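Structure, as structure tokens:
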Number of protein chains: 2
Amino acid sequence: MHSFKQLQCFVAIVEEGGFTPAAQKLYMTQPAISWQIKTLEGELGLKLIERSERRLVLTEAGQLFYESAQTILNQYEKMDSEMEQFKNMEKGSLRIGASTIPGEYLLAADLARFTKTFPQVELQMRIGDSRSIVKLLLQENISVGVVGLKPQEEQIQVKPFLTDEIVCIAPPDHPLCRKEQVFLEDVLQERILMREFGSGTRNQLQEEIKKQKNTSCKVLMELGSTRAIISAVEAGLGLSWVSKTAVRDEAVKILDIEDFSIKRDLYVIWLKNRTLSPLGQTFVQMLEEAYD
Amino acid sequence: MHSFKQLQCFVAIVEEGGFTPAAQKLYMTQPAISWQIKTLEGELGLKLIERSERRLVLTEAGQLFYESAQTILNQYEKMDSEMEQFKNMEKGSLRIGASTIPGEYLLAADLARFTKTFPQVELQMRIGDSRSIVKLLLQENISVGVVGLKPQEEQIQVKPFLTDEIVCIAPPDHPLCRKEQVFLEDVLQERILMREFGSGTRNQLQEEIKKQKNTSCKVLMELGSTRAIISAVEAGLGLSWVSKTAVRDEAVKILDIEDFSIKRDLYVIWLKNRTLSPLGQTFVQMLEEAYD
DNA sequence: ATGGAACCATAAATTTTCCTTATTATCTTT
DNA sequence: AAAGATAATAAGGAAAATTTATGGTTCCAT
């Protein structure tokens, strides 16, 4: 088994045109170079360099070897710089933004994985409604966002990555929970709780109701977070719609409404004109892999 | 600078699924593997293998490294097998040069044998007069030459390998063919055909005539190839001298001249300061064996 | 649970590899 | 022929890699 050093010495000799200059290039002494070549030739059982005359000349074997040695060293350097780049990612920081649903529920696992891979990276996540996340992105306060509302801005690169389902929730002891079939009309009779204006969930919900039933719903209470809504529903203050993932382990009942359902696409967004940092790229890639 | 061994160990671990099996595969002890990985990770500044849990798991960095390491090792093996092939003469090319007689007549069988033994080798033979072959050798356009004129150059290694006889030929119906004893004077009366200037045959012939008889001969026609001379002699245009091997199956008569005969040594030549490639060595060796 | 088996990490000692300095040999140049 | 440049060689020593021996986990089966 030969070593990188041998290849390196050999290539240096060829390129610098002699043992002594090669030694200088590699910060070694000339006998060390001689030794490397000697062992290399010994291992190969072939003479690589003809060194009788003033100028060094490669033997046929030497020429053949030179081709491959070069390729290998190039490949080696490529690898090294790749690893270097990767290592640099460990030192950086990544600021992402997410709207409530992805931020508070969905992304938790991904963030954990990310910080495990890059423990040194300072990771910041800002949570807000979709509109504010887009704003943060445009101001470059964050470099990646995950939102539930497709931004229309020209400068924003949008990539859908997951479809979330928005479900209607009720306290477990609510009359509708016992009903065989529940329709949208039944629900709209009830007190409805909602997130604040600007929420992607609320926005989409109202549009869907209007589109599918051509009515609107009375919003009897506005709350600032999904968690607050769940608590309120649980306490019997009314019904509401939230992301299915948000209620996985909660003490509220999901109402299966026969004639109404909402799917909600989630999008990863970043600025078109900024090339995403290696860390950002890796983060996006991790999301893609996770929700493929 | 990492080593091939490190890559090798790492790849072996990934492929064998553990340190211990990797050690067995590489005929090393397990601590040696541990050490290699440790230093590799240290040099990179990155952890490659997660070994806390029951199963070994590659980190993200490890996966990245694995890709490149594999490529490099593959390339390395390719190089190694190429060199091995070269050493075994299954690969490579051999360019030889020969002057007319050896090239067109004598060497045919040897070349055939050579290509049969080494079918993968690209074999080139250039034919010219002795002087031009020497020139090609000095310019390193060929690595071995076979000539009929001993080159005087200091840098050329010369090895005689065969003595060819140069005989006088005449058309079968020529008067001299019926004569009991033929002497040189008889022949010199006739029309003499010869090869162009620079030919070893011609050179030697004229020198021998001058030496042995202290006369010179009138050259009445110069022809560019031995075959052309034979045809011309056959057609009755005159007499000439050619290598005995060239007329083996030809329709011309050999004149046995009582007081004149020429032996001609053929030489294998190569450059002193270049080590002959394995192929070249073998070729020379084959010639020696064939004409021992 | 508990003893054993499999597996990796660590330590110390040893071997091997590799590099350096010093010197010699060879070839080129003047 | 002498000087200069360049590679080979020798000897000593530093550094790297490997081995044996051992310790600590985890996993499995009794």
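Residues in the structure tokens are named by chain (A, B, ... in the order shown) and by number from 1 within that chain; ligands are numbered from 1 in the order shown.
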* For chain A, list the residues within 8 Å of chain B, counting only C-alpha atoms, and write the list as a PyMOL selection string. => chain A and resi 1-4+44-46+50+52-53+59-61+64-65+68-69+71-72+75-76+79+83-84+86-87+117
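Using only C-alpha atoms (C1' of nucleotides), one finds that the residues of chain A close to chain D, at 9 Å or less, are Gly18, Phe19, Thr20, Gln30, Pro31, Ser34, Arg51 and Arg54 of chain A.
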File of the preceding selection, C-alpha atoms, as a JSON list (two decimals), in the first residue's frame:
[["chain", "number", "residue", "atom", "x", "y", "z"],
["A", 18, "GLY", "CA", 13.38, 17.86, -9.91],
["A", 19, "PHE", "CA", 13.87, 16.38, -6.48],
["A", 20, "THR", "CA", 15.26, 19.47, -4.86],
["A", 30, "GLN", "CA", 15.77, 16.33, -0.60],
["A", 31, "PRO", "CA", 16.79, 12.94, 0.87],
["A", 34, "SER", "CA", 14.58, 10.46, -2.66],
["A", 51, "ARG", "CA", 17.44, 10.38, -13.55],
["A", 54, "ARG", "CA", 20.58, 16.61, -16.41]]
Return as a tab-separated table the residues of chain C lying at most 8 Å from chain A, together with the closest atom-to-atom pair for each and the distance in Å to one decimal, counting only C-alpha atoms (C1' of nucleotides), with rows in chain order and ascending residue number.
residue	atom	partner	partner_atom	distance
C:DC18	C1'	A:Ala32	CA	7.9
C:DC19	C1'	A:Ala32	CA	6.2
C:DT20	C1'	A:Thr29	CA	7.5
C:DC27	C1'	A:Glu53	CA	7.1
C:DT28	C1'	A:Arg54	CA	7.3
* Structure fact -> Least-squares overlay of chain B on chain A, all C-alpha in order, gives RMSD 10.3 Å
* To do: Taking the chain letters and numbering used in this document, name the residues of range 118-255 of chain A that DSSP puts in strand (DSSP E or B), as an NGL selection string.
  => :A and (122-128 or 144-147 or 156-170 or 182 or 192-195 or 221-223 or 239-243 or 253-255)
Please report, as a tab-separated table, each residue of range 206-258 of chain A lying at most 10 Å from range 176-188 of chain A, together with the nearest pair of atoms and the separation in Å rounded to one decimal; use only C-alpha atoms, and order rows by chain and ascending residue number.
residue	atom	partner	partner_atom	distance
A:Ile209	CA	A:Leu184	CA	8.8
A:Gln212	CA	A:Leu184	CA	9.8
A:Lys213	CA	A:Leu184	CA	8.5
A:Thr215	CA	A:Leu188	CA	9.6
A:Ser216	CA	A:Leu188	CA	8.7
A:Cys217	CA	A:Leu188	CA	6.3
A:Lys218	CA	A:Leu188	CA	7.8
A:Val219	CA	A:Leu188	CA	9.8
A:Gly238	CA	A:Val187	CA	9.9
A:Leu239	CA	A:Val187	CA	7.7
A:Ser240	CA	A:Val187	CA	9.2
A:Lys253	CA	A:Cys177	CA	7.4
A:Ile254	CA	A:Cys177	CA	8.3
A:Leu255	CA	A:Cys177	CA	6.6
A:Asp256	CA	A:Val182	CA	6.8
A:Ile257	CA	A:Val182	CA	5.1
A:Glu258	CA	A:Phe183	CA	5.4
* Just give me the gap between CA of Gln8 in chain B and CA of Ala22 in chain A in Å, one decimal is fine. => 27.4 Å
* Asked: Where does DSSP see alpha helix (DSSP H) in range 14-255 of chain B, if you list the residues as JSON, numbers by chain?
  -> {"B": [14, 15, 16, 19, 20, 21, 22, 23, 24, 25, 30, 31, 32, 33, 34, 35, 36, 37, 38, 39, 40, 41, 42, 43, 44, 60, 61, 62, 63, 64, 65, 66, 67, 68, 69, 70, 71, 72, 73, 74, 75, 76, 77, 78, 79, 80, 81, 82, 83, 84, 85, 86, 87, 100, 101, 108, 109, 110, 111, 112, 113, 114, 115, 116, 117, 130, 131, 132, 133, 134, 135, 136, 137, 138, 175, 176, 177, 178, 184, 185, 186, 187, 188, 189, 200, 201, 202, 203, 204, 205, 206, 207, 208, 209, 210, 211, 212, 213, 226, 227, 228, 229, 230, 231, 232, 233, 234]}
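Each of B:Leu26, B:Glu234, B:Val242, B:Phe161 was compared to His174 in chain B using only C-alpha atoms, and B:Glu234 turns out to be the nearest.
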* Asked: Could you work out how far CA of Ile166 in chain A lies from CA of Ser261 in chain A, giving the answer in Å with one decimal?
  ->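 Interatomic distance here is 7.4 Å.
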* Any idea what the distance is between CA of Val147 in chain A and CA of Ala109 in chain A? ->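 Going from CA of Val147 in chain A over to CA of Ala109 in chain A covers 16.8 Å.
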